[in-house]
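Student: Before I ask anything, here is the structure I am working with.
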Amino acid sequence: MCYNARMELRELKYFLAVAREESITRAAEYLHITQPCLTRQIQSMEAEVGQPLFLRTGRKTLLTDAGRLLRKRAEEITELYDKAEREWLDLTDGAHGEVYIGGGESYGMTFLADAALDLLRDYPEVKIHIYSGDIIDVTERLDKGLIDFGLLMQPPDITKYESLSLPYRDRWGLLLRSDHPLAQKEFIAPEDLSGLPVMQSRQSLQKSRLNEWLNGVPVNVIGSYNLLCNATYFALNGAGGVLCLDKLINTTGDALVFRPLRPTVEAEIKVVWKKYRELSKAAQIFLKLLTRRLSAPQRGARP
């Protein structure tokens, strides 16, 4: 069966409503359509893909494996369409618009935040959206047009992007409870981690420089995290250390300390955006403000 683009988008939104509500009845109420109409739409989509998208179990309507795959793609498509629609509307007025930024947890985000504040001061109608994820998540969203800019740490290959280097390098270290024996040290050497229970970030798992730094020292990596704030509870409970970047957690109190690695392990930080992609007016203004800030003398930035 053949559908036009608007019908396909509508059906995807219907499908996502059922996936979210886990109920045809509740989804129909949310969409303000009848339950039989929504059921027919879902059945039509299932006939199109050639397999069930939902499994009806008792009172719940749950996604099948095929449904879970479609949900991921449907969310990307509808998000991209909504973003494009807002950009079309903003063409008539550069004082409006939205800027989408993605990045991992990094102190380098403060540079982007400063440029964003400049933008909001001059254009108060602009909205800023932040997406957090590792380098794989961020570059995937960049490539699909879901975000305008990505903040990448030690990116392996950025030939398909335009880029700006930030005047700061993220420094790796160990987050510990202040009464941990290693907290008395000024720096952490590879042998200090031998046998120590360590939580490791998804970012660090992809960094060969950390493996080089360890130089074969066995580390008891008991898990990973993608948001440092949650991982700090591991350190607070005194179970071990958290391998992380500096300046992400406030350690001015008495509970936690950050101890940098020695020899120093640092990561270069770049802001990237897709080559040959036309940025929205708001994103263009943001880029100009960011470039202006980066060209000005920086104070307190570690080379």
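In the structure tokens, chains take letters A, B, ... by order of appearance, with residues numbered from 1 within each chain and ligands from 1 in the order shown.
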Determine which residues of stretch 5-189 of chain A DSSP labels as helix (DSSP H, G or I) from the backbone of this structure, then write them out as a tab-separated table (two decimals) with C-alpha atoms, in the first residue's frame.
Tutor:
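Done, and the output landed in out-v2.tsv:
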```tsv
chain	number	residue	atom	x	y	z
A	5	ALA	CA	4.65	11.69	3.29
A	6	ARG	CA	2.04	13.32	5.54
A	7	MET	CA	0.15	10.03	5.98
A	8	GLU	CA	3.40	8.21	6.85
A	9	LEU	CA	4.29	10.82	9.45
A	10	ARG	CA	0.81	10.67	10.96
A	11	GLU	CA	0.97	6.89	11.17
A	12	LEU	CA	4.35	7.03	12.87
A	13	LYS	CA	2.95	9.41	15.47
A	14	TYR	CA	0.00	7.06	16.01
A	15	PHE	CA	2.39	4.16	16.42
A	16	LEU	CA	4.54	6.08	18.92
A	17	ALA	CA	1.47	7.01	20.96
A	18	VAL	CA	0.49	3.34	21.32
A	19	ALA	CA	4.09	2.41	22.19
A	20	ARG	CA	4.19	5.12	24.86
A	21	GLU	CA	0.77	4.44	26.37
A	24	ILE	CA	-4.76	1.26	22.13
A	25	THR	CA	-7.56	2.76	24.22
A	26	ARG	CA	-5.40	5.29	26.06
A	27	ALA	CA	-3.50	6.19	22.88
A	28	ALA	CA	-6.77	6.81	21.04
A	29	GLU	CA	-7.93	9.10	23.85
A	30	TYR	CA	-4.62	10.99	23.71
A	31	LEU	CA	-4.84	11.35	19.92
A	35	GLN	CA	-10.22	3.19	19.05
A	36	PRO	CA	-11.33	1.28	15.89
A	37	CYS	CA	-9.69	3.92	13.69
A	38	LEU	CA	-6.41	3.64	15.57
A	39	THR	CA	-6.57	-0.16	15.49
A	40	ARG	CA	-6.98	-0.08	11.71
A	41	GLN	CA	-3.99	2.25	11.36
A	42	ILE	CA	-1.80	-0.09	13.42
A	43	GLN	CA	-3.02	-3.13	11.50
A	44	SER	CA	-2.24	-1.34	8.23
A	45	MET	CA	1.32	-0.61	9.42
A	46	GLU	CA	1.78	-4.24	10.47
A	47	ALA	CA	0.59	-5.40	7.06
A	48	GLU	CA	3.06	-3.00	5.44
A	49	VAL	CA	6.08	-4.28	7.41
A	65	ASP	CA	11.30	-6.84	18.49
A	66	ALA	CA	10.21	-5.37	15.16
A	67	GLY	CA	8.19	-2.75	17.02
A	68	ARG	CA	11.16	-1.71	19.16
A	69	LEU	CA	13.28	-1.23	16.04
A	70	LEU	CA	10.55	0.82	14.38
A	71	ARG	CA	10.12	2.95	17.52
A	72	LYS	CA	13.78	4.01	17.40
A	73	ARG	CA	13.52	4.99	13.74
A	74	ALA	CA	10.10	6.60	14.19
A	75	GLU	CA	11.39	8.77	17.03
A	76	GLU	CA	14.31	9.92	14.89
A	77	ILE	CA	12.06	10.67	11.90
A	78	THR	CA	9.46	12.62	13.86
A	79	GLU	CA	12.14	14.51	15.79
A	80	LEU	CA	13.93	15.45	12.58
A	81	TYR	CA	10.66	16.53	10.94
A	82	ASP	CA	9.72	18.70	13.94
A	83	LYS	CA	13.19	20.27	13.94
A	84	ALA	CA	12.99	21.01	10.21
A	85	GLU	CA	9.50	22.44	10.57
A	86	ARG	CA	10.70	24.84	13.28
A	87	GLU	CA	13.63	25.88	11.08
A	88	TRP	CA	11.28	26.62	8.17
A	89	LEU	CA	9.15	28.81	10.41
A	90	ASP	CA	12.26	30.63	11.66
A	109	MET	CA	30.68	22.51	27.73
A	110	THR	CA	31.18	25.73	29.72
A	111	PHE	CA	32.61	27.37	26.57
A	112	LEU	CA	29.46	26.47	24.65
A	113	ALA	CA	27.31	27.61	27.55
A	114	ASP	CA	28.99	31.03	27.53
A	115	ALA	CA	28.30	31.42	23.79
A	116	ALA	CA	24.73	30.24	24.35
A	117	LEU	CA	24.24	32.92	27.04
A	118	ASP	CA	25.50	35.56	24.58
A	119	LEU	CA	22.95	34.26	22.08
A	120	LEU	CA	20.08	34.29	24.57
A	121	ARG	CA	20.96	37.80	25.70
A	122	ASP	CA	20.78	39.15	22.15
A	135	ILE	CA	30.99	10.11	20.97
A	136	ILE	CA	29.02	7.40	19.13
A	137	ASP	CA	25.67	8.81	20.24
A	138	VAL	CA	26.62	12.39	19.39
A	139	THR	CA	28.11	11.72	15.94
A	140	GLU	CA	25.12	9.56	15.03
A	141	ARG	CA	22.76	12.42	15.82
A	142	LEU	CA	25.01	14.86	13.96
A	143	ASP	CA	25.01	12.67	10.87
A	181	PRO	CA	43.71	5.66	51.44
A	182	LEU	CA	44.41	6.85	47.88
A	183	ALA	CA	42.81	10.20	48.68
A	184	GLN	CA	45.97	11.09	50.62
```
Student: Set the distance at 7 Å and use only C-alpha atoms: which residues neighbour A:Phe187 once local chain neighbours fewer than 6 positions away are removed? I'd like the list as a list in words.
Tutor: Arg259, Pro260, Leu261 and Arg262 of chain A
Student: Could you pull the residues within 7 Å of stretch 145-162 of chain A, counting only C-alpha atoms, minus those fewer than 5 positions along the same chain, as a list in words?
Tutor: Leu80, Val99, Tyr100, Ile101, Gly102, Gly103, Gly104, Ile135, Val138, Ala267, Glu268, Ile269, Lys270, Val271, Val272, Trp273, Lys274, Lys275 and Ala283 of chain A
Student: Please dump the current selection as a PDB file, in the first residue's frame; keep C-alpha atoms.
Tutor:
```pdb
ATOM      1  CA  LEU A  80      13.928  15.447  12.585  1.00  0.00           C
ATOM      2  CA  VAL A  99      20.008  25.440  18.576  1.00  0.00           C
ATOM      3  CA  TYR A 100      20.717  21.764  19.249  1.00  0.00           C
ATOM      4  CA  ILE A 101      23.978  20.785  20.966  1.00  0.00           C
ATOM      5  CA  GLY A 102      25.195  17.313  21.831  1.00  0.00           C
ATOM      6  CA  GLY A 103      28.172  16.201  23.865  1.00  0.00           C
ATOM      7  CA  GLY A 104      29.644  14.000  26.535  1.00  0.00           C
ATOM      8  CA  ILE A 135      30.992  10.109  20.966  1.00  0.00           C
ATOM      9  CA  VAL A 138      26.620  12.393  19.387  1.00  0.00           C
ATOM     10  CA  ALA A 267      41.847  14.754  25.954  1.00  0.00           C
ATOM     11  CA  GLU A 268      41.599  17.412  23.263  1.00  0.00           C
ATOM     12  CA  ILE A 269      38.122  18.913  22.883  1.00  0.00           C
ATOM     13  CA  LYS A 270      36.556  19.982  19.608  1.00  0.00           C
ATOM     14  CA  VAL A 271      33.227  21.482  18.607  1.00  0.00           C
ATOM     15  CA  VAL A 272      32.142  19.944  15.306  1.00  0.00           C
ATOM     16  CA  TRP A 273      29.295  20.359  12.825  1.00  0.00           C
ATOM     17  CA  LYS A 274      28.454  18.578   9.598  1.00  0.00           C
ATOM     18  CA  LYS A 275      30.182  19.727   6.420  1.00  0.00           C
ATOM     19  CA  ALA A 283      22.744  28.041  14.734  1.00  0.00           C
TER      20      ALA A 283
END
```
Student: Can you list every residue in stretch 29-271 of chain A that DSSP puts in strand (DSSP E), as a PyMOL selection string?
Tutor: chain A and resi 54-57+60-63+98-103+127-132+149-153+161-177+197-201+220-225+241-245+256-260+266-271
Student: Between A:Asn220, A:Ser280, A:Ser295, A:Ser201, which residue has the minimum interatomic distance to A:Leu164, considering only C-alpha atoms?
Tutor: A:Ser295
Student: Give me, as a PDB file with N, CA, C and O atoms, in the first residue's frame, all polymer residues having an atom no more than 10 Å from stretch 221-231 of chain A, counting only C-alpha atoms and skipping those fewer than 4 positions away in the same chain.
Tutor:
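Ended up saving to out-v4.pdb:
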```pdb
ATOM      1  N   GLY A 104      29.422  14.777  25.329  1.00  0.00           N
ATOM      2  CA  GLY A 104      29.644  14.000  26.535  1.00  0.00           C
ATOM      3  C   GLY A 104      29.845  14.932  27.716  1.00  0.00           C
ATOM      4  O   GLY A 104      29.892  16.164  27.573  1.00  0.00           O
ATOM      5  N   GLU A 105      29.998  14.345  28.888  1.00  0.00           N
ATOM      6  CA  GLU A 105      30.235  15.145  30.081  1.00  0.00           C
ATOM      7  C   GLU A 105      31.657  15.706  30.004  1.00  0.00           C
ATOM      8  O   GLU A 105      32.635  14.972  30.008  1.00  0.00           O
ATOM      9  N   SER A 132      22.902  14.782  25.893  1.00  0.00           N
ATOM     10  CA  SER A 132      24.090  14.168  26.481  1.00  0.00           C
ATOM     11  C   SER A 132      24.270  12.751  25.956  1.00  0.00           C
ATOM     12  O   SER A 132      23.312  11.975  25.900  1.00  0.00           O
ATOM     13  N   GLY A 133      25.496  12.427  25.574  1.00  0.00           N
ATOM     14  CA  GLY A 133      25.792  11.085  25.088  1.00  0.00           C
ATOM     15  C   GLY A 133      27.276  10.943  24.801  1.00  0.00           C
ATOM     16  O   GLY A 133      28.014  11.931  24.825  1.00  0.00           O
ATOM     17  N   ASP A 134      27.723   9.706  24.545  1.00  0.00           N
ATOM     18  CA  ASP A 134      29.128   9.508  24.227  1.00  0.00           C
ATOM     19  C   ASP A 134      29.379   9.852  22.757  1.00  0.00           C
ATOM     20  O   ASP A 134      28.468  10.263  22.031  1.00  0.00           O
ATOM     21  N   LEU A 175      37.992   9.709  41.126  1.00  0.00           N
ATOM     22  CA  LEU A 175      37.122  10.292  42.141  1.00  0.00           C
ATOM     23  C   LEU A 175      37.015   9.306  43.294  1.00  0.00           C
ATOM     24  O   LEU A 175      36.694   8.123  43.086  1.00  0.00           O
ATOM     25  N   LEU A 193      46.050   1.591  40.919  1.00  0.00           N
ATOM     26  CA  LEU A 193      44.758   1.031  40.534  1.00  0.00           C
ATOM     27  C   LEU A 193      44.748  -0.498  40.544  1.00  0.00           C
ATOM     28  O   LEU A 193      43.703  -1.108  40.320  1.00  0.00           O
ATOM     29  N   GLY A 195      44.042  -3.905  41.314  1.00  0.00           N
ATOM     30  CA  GLY A 195      43.087  -4.575  42.192  1.00  0.00           C
ATOM     31  C   GLY A 195      41.997  -3.685  42.760  1.00  0.00           C
ATOM     32  O   GLY A 195      41.082  -4.170  43.425  1.00  0.00           O
ATOM     33  N   LEU A 196      42.073  -2.371  42.516  1.00  0.00           N
ATOM     34  CA  LEU A 196      41.074  -1.455  43.072  1.00  0.00           C
ATOM     35  C   LEU A 196      39.760  -1.561  42.305  1.00  0.00           C
ATOM     36  O   LEU A 196      39.762  -1.479  41.073  1.00  0.00           O
ATOM     37  N   PRO A 197      38.615  -1.736  42.980  1.00  0.00           N
ATOM     38  CA  PRO A 197      37.327  -1.700  42.276  1.00  0.00           C
ATOM     39  C   PRO A 197      37.106  -0.322  41.654  1.00  0.00           C
ATOM     40  O   PRO A 197      37.177   0.695  42.351  1.00  0.00           O
ATOM     41  N   VAL A 198      36.874  -0.289  40.350  1.00  0.00           N
ATOM     42  CA  VAL A 198      36.765   0.979  39.631  1.00  0.00           C
ATOM     43  C   VAL A 198      35.524   0.980  38.751  1.00  0.00           C
ATOM     44  O   VAL A 198      35.226   0.007  38.062  1.00  0.00           O
ATOM     45  N   MET A 199      34.800   2.092  38.803  1.00  0.00           N
ATOM     46  CA  MET A 199      33.742   2.356  37.837  1.00  0.00           C
ATOM     47  C   MET A 199      34.360   3.178  36.713  1.00  0.00           C
ATOM     48  O   MET A 199      35.069   4.155  36.971  1.00  0.00           O
ATOM     49  N   GLN A 200      34.091   2.788  35.468  1.00  0.00           N
ATOM     50  CA  GLN A 200      34.721   3.419  34.320  1.00  0.00           C
ATOM     51  C   GLN A 200      33.646   3.996  33.403  1.00  0.00           C
ATOM     52  O   GLN A 200      32.613   3.378  33.189  1.00  0.00           O
ATOM     53  N   SER A 201      33.894   5.191  32.871  1.00  0.00           N
ATOM     54  CA  SER A 201      32.905   5.817  31.999  1.00  0.00           C
ATOM     55  C   SER A 201      32.902   5.156  30.637  1.00  0.00           C
ATOM     56  O   SER A 201      33.890   4.572  30.197  1.00  0.00           O
ATOM     57  N   ARG A 202      31.761   5.264  29.950  1.00  0.00           N
ATOM     58  CA  ARG A 202      31.684   4.751  28.586  1.00  0.00           C
ATOM     59  C   ARG A 202      32.680   5.467  27.686  1.00  0.00           C
ATOM     60  O   ARG A 202      33.214   4.891  26.751  1.00  0.00           O
ATOM     61  N   GLN A 203      32.948   6.739  27.990  1.00  0.00           N
ATOM     62  CA  GLN A 203      33.940   7.475  27.214  1.00  0.00           C
ATOM     63  C   GLN A 203      35.327   6.869  27.390  1.00  0.00           C
ATOM     64  O   GLN A 203      36.068   6.680  26.428  1.00  0.00           O
ATOM     65  N   SER A 204      35.687   6.553  28.626  1.00  0.00           N
ATOM     66  CA  SER A 204      37.029   6.045  28.884  1.00  0.00           C
ATOM     67  C   SER A 204      37.224   4.654  28.306  1.00  0.00           C
ATOM     68  O   SER A 204      38.342   4.258  27.977  1.00  0.00           O
ATOM     69  N   LEU A 205      36.141   3.892  28.173  1.00  0.00           N
ATOM     70  CA  LEU A 205      36.258   2.559  27.602  1.00  0.00           C
ATOM     71  C   LEU A 205      36.745   2.623  26.159  1.00  0.00           C
ATOM     72  O   LEU A 205      37.302   1.655  25.638  1.00  0.00           O
ATOM     73  N   ALA A 235      31.359   5.983  44.662  1.00  0.00           N
ATOM     74  CA  ALA A 235      32.504   6.468  45.434  1.00  0.00           C
ATOM     75  C   ALA A 235      32.085   6.860  46.849  1.00  0.00           C
ATOM     76  O   ALA A 235      32.793   6.587  47.819  1.00  0.00           O
ATOM     77  N   LEU A 236      30.922   7.498  46.972  1.00  0.00           N
ATOM     78  CA  LEU A 236      30.446   7.920  48.295  1.00  0.00           C
ATOM     79  C   LEU A 236      30.216   6.739  49.221  1.00  0.00           C
ATOM     80  O   LEU A 236      30.386   6.840  50.437  1.00  0.00           O
ATOM     81  N   GLY A 240      35.016   1.955  46.151  1.00  0.00           N
ATOM     82  CA  GLY A 240      36.155   2.034  45.245  1.00  0.00           C
ATOM     83  C   GLY A 240      36.266   3.414  44.633  1.00  0.00           C
ATOM     84  O   GLY A 240      35.829   4.404  45.231  1.00  0.00           O
ATOM     85  N   GLY A 241      36.828   3.488  43.427  1.00  0.00           N
ATOM     86  CA  GLY A 241      37.026   4.766  42.765  1.00  0.00           C
ATOM     87  C   GLY A 241      36.234   4.863  41.474  1.00  0.00           C
ATOM     88  O   GLY A 241      35.765   3.864  40.933  1.00  0.00           O
ATOM     89  N   VAL A 242      36.094   6.079  40.999  1.00  0.00           N
ATOM     90  CA  VAL A 242      35.405   6.337  39.738  1.00  0.00           C
ATOM     91  C   VAL A 242      36.381   7.047  38.814  1.00  0.00           C
ATOM     92  O   VAL A 242      36.835   8.159  39.121  1.00  0.00           O
ATOM     93  N   LEU A 243      36.729   6.410  37.714  1.00  0.00           N
ATOM     94  CA  LEU A 243      37.612   7.005  36.723  1.00  0.00           C
ATOM     95  C   LEU A 243      36.801   8.014  35.912  1.00  0.00           C
ATOM     96  O   LEU A 243      35.806   7.651  35.281  1.00  0.00           O
ATOM     97  N   CYS A 244      37.205   9.277  35.951  1.00  0.00           N
ATOM     98  CA  CYS A 244      36.363  10.321  35.339  1.00  0.00           C
ATOM     99  C   CYS A 244      37.224  11.518  34.937  1.00  0.00           C
ATOM    100  O   CYS A 244      38.440  11.529  35.119  1.00  0.00           O
ATOM    101  N   LEU A 245      36.556  12.536  34.402  1.00  0.00           N
ATOM    102  CA  LEU A 245      37.209  13.779  34.006  1.00  0.00           C
ATOM    103  C   LEU A 245      37.106  14.812  35.116  1.00  0.00           C
ATOM    104  O   LEU A 245      36.165  14.796  35.922  1.00  0.00           O
ATOM    105  N   LEU A 248      33.958  18.078  36.833  1.00  0.00           N
ATOM    106  CA  LEU A 248      32.561  17.738  36.569  1.00  0.00           C
ATOM    107  C   LEU A 248      31.754  17.603  37.859  1.00  0.00           C
ATOM    108  O   LEU A 248      30.543  17.762  37.843  1.00  0.00           O
ATOM    109  N   ILE A 249      32.428  17.288  38.948  1.00  0.00           N
ATOM    110  CA  ILE A 249      31.781  17.125  40.247  1.00  0.00           C
ATOM    111  C   ILE A 249      32.395  18.107  41.227  1.00  0.00           C
ATOM    112  O   ILE A 249      33.624  18.272  41.289  1.00  0.00           O
TER     113      ILE A 249
END
```
